[in-house]
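Undergrad: Dropping the structure in here first, questions after.
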Amino acid sequence: KPLVFSGVQPTGNLHLGNYLGAIQRFVALQDSHDCLYCVVDMHAITVWQDPADLKRQIREVTAAFIASGIDPTKHIVFNQSQVSGHAELAWVFNCVARLGWLNRMTQFKEKAGKDRENASVGLYAYPSLMAADILLYRATHVPVGEDQKQHLELTRDIAQKFNNDFGPSIAANGLGEAFFPLPEPLIGGPAARVMSLRDGAKKMSKSDPSDLSRINLTDDADLIASKIRKAKTDPEPLPSEAEGLKGRPEAENLVGIYAALGAVPKEEVLTQFGGGQFSTFKAALVDLAVAKLGPIGAEMQRLVAEPDHIDAILRDGAARARVLADATMANVRDIVGFVR
Ligand code: AQP
């Protein structure tokens with residue numbers, strides 16, 4: 001089976017974008033792939049995290065994985081910091097990646113903002129660690145939201161440069177021609193980029209100061225309903241064809257959310273609701289969102305109330321991940337020329 005790796009940062013406020021762009025798709029890949037799903041706590045500390053909050057958020061993301069339907073007995077669910085190979089391989093990749101490559105990363109530019117001198121070195125090196133996360137398991141497929149496309153391309157560049165630079169050593173160690181695969185991003189579907197409910201030009205984001213901009217996975221039914229009712233729209237009725245959504249980002253976003261939650265194409269949503277008022281469509285969207293997200297939120301609350309159980313899942317996952325990681329790192333040491 002092909003190997004899937006993906007991660008979610010425990011940075012609080014898990015939202016509908018994380019669910020539709022990532023977690024829901026993680027669940028769908030379980031039958032056809034061997035999967036590693038990681039709570040990337042080392043990525044989280046590239047910006048300041050209060051230690052007590054970080055612990056709680058690591059357990060909350062783990063709970064979201066399980067509550068959404070990821071099976072930690074069939075697949076591997078763990079937190080990054082428990083497997084030291086991530087940091088070790090990231091260092092090797094820091095020495096493979098070029099400054100010019102990292103200088104082009106838009107996520108760093110957005111997150112560092114104007115005060116770049118004051119951003120952490122970790123925030124800058126974030127894409128090397130992400131490449132290490134994936135390649136430590138020699139994963140071939142990576143389901144992510146569209147915002148991660150550039151980092152995935154960098155991962156492929158790093159894999160390729162490593163394979164080229166160390167080509168003779170890879171062969172001399174009997175490891176074939178190319179050691180790392182070039183992983184394929186799995187990006188797509190109607191919710192690859194879920195937008196803010198307040199502004200169709202901004203992505204739905206954990207850090208948006210307005211809670212009305214996003215639906216959190218822990219929101220209850222009343223809150224979900226009121227956020228959808230207050231979501232920004234335009235005065236026109238919904239179009240009957242996808243073409244008519246062009247230039248109407250808020251309408252397109254809500255239709256995309258409906259399609260992804262209901263597992264139907266956008267066209268079908270428009271066949272059903274096109275020509276009608278937003279209020280009718282929004283009422284149906286509330287029902288669908290509450291039916292889908294309500295049970296997940298409730299199960300998350302139940303799970304986070306049992307931190308020992310969650311920690312046991314993470315420890316078990318980390319132990320299984322470590323076996324795979326150690327095998328890769330032994331090869332990497334030989335390839336690079338480290339004595340062991
Ligand atoms: N709006 C989104 N639409 C679709 N997919 C999204 N993802 C994030 N936002 C959307 C996908 O969710 C996965 C986990 O993302 P992350 O852990 O990198 O966190 P984040 O939500 O992007 O949050 P940040 O970076 O901590 O904060 P913000 O967003 O406030 O800057 C990824 O697969 C991501 O693509």
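Every chain in the structure tokens has a letter given in the order shown (A, B, ...), and although residue numbers restart at 1 in each chain, ligands are simply numbered from 1 in the order shown.
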When the cut-off is 9 Å and you count only C-alpha atoms and all ligand atoms, which residues lie near ligand 1, shown as a ChimeraX atom specification?

TA: /A:6-23,39-40,43-44,47,107,110-111,142-149,187,191-196,202-208,214

Undergrad: With a distance cut-off of 9 Å and only C-alpha atoms, select the neighbouring residues of Arg340 (chain A), excluding the residue or stretch itself and same-chain residues fewer than 4 positions from it, and output the selection as a list in words.

TA: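 Returned residues: Ala330, Arg333 and Asp334 of chain A.
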
Undergrad: Hey, could you make a per-residue contact list for region 134-203 of chain A against region 112-127 of chain A with 10 Å as the cut-off, showing the nearest pair of atoms and its distance in Å to one decimal, counting only C-alpha atoms, sorted by chain and number, as a Markdown table?

TA:
| residue | atom | partner | partner_atom | distance |
| --- | --- | --- | --- | --- |
| A:Gln148 | CA | A:Pro127 | CA | 9.8 |
| A:Gln150 | CA | A:Pro127 | CA | 9.2 |
| A:His151 | CA | A:Pro127 | CA | 5.8 |
| A:Leu152 | CA | A:Pro127 | CA | 8.4 |
| A:Glu153 | CA | A:Pro127 | CA | 9.9 |
| A:Leu154 | CA | A:Pro127 | CA | 7.3 |
| A:Thr155 | CA | A:Pro127 | CA | 7.4 |
| A:Ile158 | CA | A:Pro127 | CA | 9.9 |

Undergrad: Please provide as a VMD selection string all residues within 10 Å of Ser68 (chain A), with the sequence filter that same-chain residues fewer than 2 positions apart are discarded (counting only C-alpha atoms).

TA: chain A and resid 19 23 to 24 26 to 27 62 to 66 70 to 71 292 to 293 295 to 297 299 to 300

Undergrad: Which is closest to Ser84 (chain A) among A:Ala321, A:Ala178, A:Ala251, A:Ile134, if we use only C-alpha atoms?

TA: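 Checking each of A:Ala321, A:Ala178, A:Ala251, A:Ile134 against Ser84 (chain A), counting only C-alpha atoms, the winner is A:Ala321.
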
Undergrad: Which neighbours of Asn253 (chain A) fall inside 10 Å, counting only C-alpha atoms, when residues of the same chain fewer than 2 positions from it are skipped, and could you give them as a PDB file with N, CA and C atoms, in the first residue's frame?

TA:
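Result file follows (result01.pdb):
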ATOM      1  N   PRO A 190     -13.661  20.299  -3.171  1.00  0.00           N
ATOM      2  CA  PRO A 190     -14.301  21.619  -3.072  1.00  0.00           C
ATOM      3  C   PRO A 190     -13.821  22.438  -1.883  1.00  0.00           C
ATOM      4  N   ALA A 191     -13.025  21.831  -0.957  1.00  0.00           N
ATOM      5  CA  ALA A 191     -12.651  22.576   0.249  1.00  0.00           C
ATOM      6  C   ALA A 191     -11.140  22.577   0.464  1.00  0.00           C
ATOM      7  N   ARG A 193      -9.302  24.983   0.008  1.00  0.00           N
ATOM      8  CA  ARG A 193      -9.004  26.274   0.628  1.00  0.00           C
ATOM      9  C   ARG A 193     -10.314  26.867   1.140  1.00  0.00           C
ATOM     10  N   VAL A 194     -10.623  26.595   2.394  1.00  0.00           N
ATOM     11  CA  VAL A 194     -11.843  27.143   3.003  1.00  0.00           C
ATOM     12  C   VAL A 194     -11.540  28.580   3.422  1.00  0.00           C
ATOM     13  N   MET A 195     -12.430  29.496   3.077  1.00  0.00           N
ATOM     14  CA  MET A 195     -12.188  30.906   3.344  1.00  0.00           C
ATOM     15  C   MET A 195     -12.904  31.360   4.614  1.00  0.00           C
ATOM     16  N   SER A 196     -12.456  32.494   5.127  1.00  0.00           N
ATOM     17  CA  SER A 196     -13.082  33.103   6.300  1.00  0.00           C
ATOM     18  C   SER A 196     -14.572  33.342   6.041  1.00  0.00           C
ATOM     19  N   LEU A 197     -15.395  33.162   7.071  1.00  0.00           N
ATOM     20  CA  LEU A 197     -16.841  33.432   6.905  1.00  0.00           C
ATOM     21  C   LEU A 197     -17.123  34.929   6.861  1.00  0.00           C
ATOM     22  N   ASP A 199     -14.826  37.175   5.313  1.00  0.00           N
ATOM     23  CA  ASP A 199     -14.115  37.813   4.209  1.00  0.00           C
ATOM     24  C   ASP A 199     -13.648  36.727   3.231  1.00  0.00           C
ATOM     25  N   GLY A 200     -14.314  36.665   2.087  1.00  0.00           N
ATOM     26  CA  GLY A 200     -14.034  35.604   1.112  1.00  0.00           C
ATOM     27  C   GLY A 200     -12.645  35.673   0.503  1.00  0.00           C
ATOM     28  N   ALA A 201     -11.869  36.720   0.836  1.00  0.00           N
ATOM     29  CA  ALA A 201     -10.516  36.836   0.282  1.00  0.00           C
ATOM     30  C   ALA A 201      -9.455  36.290   1.239  1.00  0.00           C
ATOM     31  N   THR A 233     -22.426  37.334   2.770  1.00  0.00           N
ATOM     32  CA  THR A 233     -22.864  36.890   1.443  1.00  0.00           C
ATOM     33  C   THR A 233     -23.039  38.136   0.582  1.00  0.00           C
ATOM     34  N   LEU A 245     -20.500  31.355  -9.995  1.00  0.00           N
ATOM     35  CA  LEU A 245     -19.869  31.667  -8.703  1.00  0.00           C
ATOM     36  C   LEU A 245     -18.624  32.531  -8.873  1.00  0.00           C
ATOM     37  N   ARG A 248     -17.634  35.785  -6.927  1.00  0.00           N
ATOM     38  CA  ARG A 248     -18.492  35.816  -5.730  1.00  0.00           C
ATOM     39  C   ARG A 248     -17.879  34.901  -4.659  1.00  0.00           C
ATOM     40  N   PRO A 249     -16.734  35.336  -4.089  1.00  0.00           N
ATOM     41  CA  PRO A 249     -15.954  34.432  -3.233  1.00  0.00           C
ATOM     42  C   PRO A 249     -16.718  33.905  -2.019  1.00  0.00           C
ATOM     43  N   GLU A 250     -17.576  34.753  -1.423  1.00  0.00           N
ATOM     44  CA  GLU A 250     -18.290  34.286  -0.227  1.00  0.00           C
ATOM     45  C   GLU A 250     -19.300  33.194  -0.591  1.00  0.00           C
ATOM     46  N   ALA A 251     -20.010  33.405  -1.711  1.00  0.00           N
ATOM     47  CA  ALA A 251     -20.986  32.402  -2.144  1.00  0.00           C
ATOM     48  C   ALA A 251     -20.256  31.106  -2.514  1.00  0.00           C
ATOM     49  N   VAL A 255     -20.807  27.359  -0.772  1.00  0.00           N
ATOM     50  CA  VAL A 255     -21.193  26.216  -1.622  1.00  0.00           C
ATOM     51  C   VAL A 255     -20.128  25.112  -1.524  1.00  0.00           C
ATOM     52  N   GLY A 256     -18.855  25.523  -1.504  1.00  0.00           N
ATOM     53  CA  GLY A 256     -17.756  24.546  -1.363  1.00  0.00           C
ATOM     54  C   GLY A 256     -17.834  23.809  -0.033  1.00  0.00           C
ATOM     55  N   ILE A 257     -18.160  24.544   1.023  1.00  0.00           N
ATOM     56  CA  ILE A 257     -18.278  23.916   2.351  1.00  0.00           C
ATOM     57  C   ILE A 257     -19.423  22.895   2.337  1.00  0.00           C
ATOM     58  N   TYR A 258     -20.538  23.291   1.744  1.00  0.00           N
ATOM     59  CA  TYR A 258     -21.687  22.371   1.680  1.00  0.00           C
ATOM     60  C   TYR A 258     -21.298  21.102   0.905  1.00  0.00           C
ATOM     61  N   ALA A 259     -20.639  21.323  -0.246  1.00  0.00           N
ATOM     62  CA  ALA A 259     -20.261  20.185  -1.097  1.00  0.00           C
ATOM     63  C   ALA A 259     -19.320  19.238  -0.350  1.00  0.00           C
TER      64      ALA A 259
END

Undergrad: Apply DSSP to the backbone of this structure and, from region 110-273 of chain A, keep only the residues in helix (DSSP H, G or I); write these as a ChimeraX atom specification.

TA: /A:110-112,116-118,121-135,146-165,167-172,211-213,221-230,242-245,249-262,266-273

Undergrad: If DSSP is run on the backbone, what residues of region 15-253 of chain A are strand (DSSP E)? A reply as a list in words would be ideal.

TA: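 Those in region 15-253 of chain A that DSSP calls strand (DSSP E) are Asp34, Cys35, Leu36, Tyr37, Cys38, Val39, Ile76, Val77, Phe78, Asn79, His141, Val142, Pro143, Glu184, Pro185 and Leu186 of chain A.
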
Undergrad: For CA of Glu268 (chain A) and CA of Pro239 (chain A), quote the distance in Å rounded to one decimal.

TA: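 Interatomic distance here is 11.7 Å.
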
Undergrad: Give the answer as one residue: which of A:Gln82, A:Gln272, A:Asn103, A:Asn163 has the shortest atom-to-atom distance to Pro181 (chain A), using only C-alpha atoms?

TA: A:Asn163

Undergrad: Would you mind telling me which residue in A:Ile45, A:Val290, A:Val332, A:Ile76 lies nearest to Ser226 (chain A) when using only C-alpha atoms?

TA: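 Nearest candidate to Ser226 (chain A) out of A:Ile45, A:Val290, A:Val332, A:Ile76: A:Val290.
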
Undergrad: Can you tell me how far CA of Pro185 (chain A) sits from CA of Ala131 (chain A), in Å to one decimal?

TA: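 CA of Pro185 (chain A) sits 12.1 Å away from CA of Ala131 (chain A).
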
Undergrad: Closest to Lys282 (chain A) among A:Ile310, A:Ala225, A:Gly85, A:Arg315, using only C-alpha atoms?

TA: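 Among the listed residues, the smallest separation from Lys282 (chain A) belongs to A:Ala225.
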
Undergrad: Could you check how far CA of Val77 (chain A) sits from CA of Asp308 (chain A), in Å to one decimal?

TA: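 Interatomic distance here is 15.1 Å.
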
Undergrad: Between A:Pro2, A:Arg104, A:Ile170, A:Asn79, which one has atoms that come closest to Val336 (chain A), using only C-alpha atoms?

TA: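 When distances to Val336 (chain A) are compared using only C-alpha atoms, the smallest one comes from A:Ile170.
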
Undergrad: Have a look at A:Ile335, A:Ala289, A:Leu238, A:Ala312 and name the one nearest to Ala172 (chain A); count only C-alpha atoms.

TA: A:Ile335
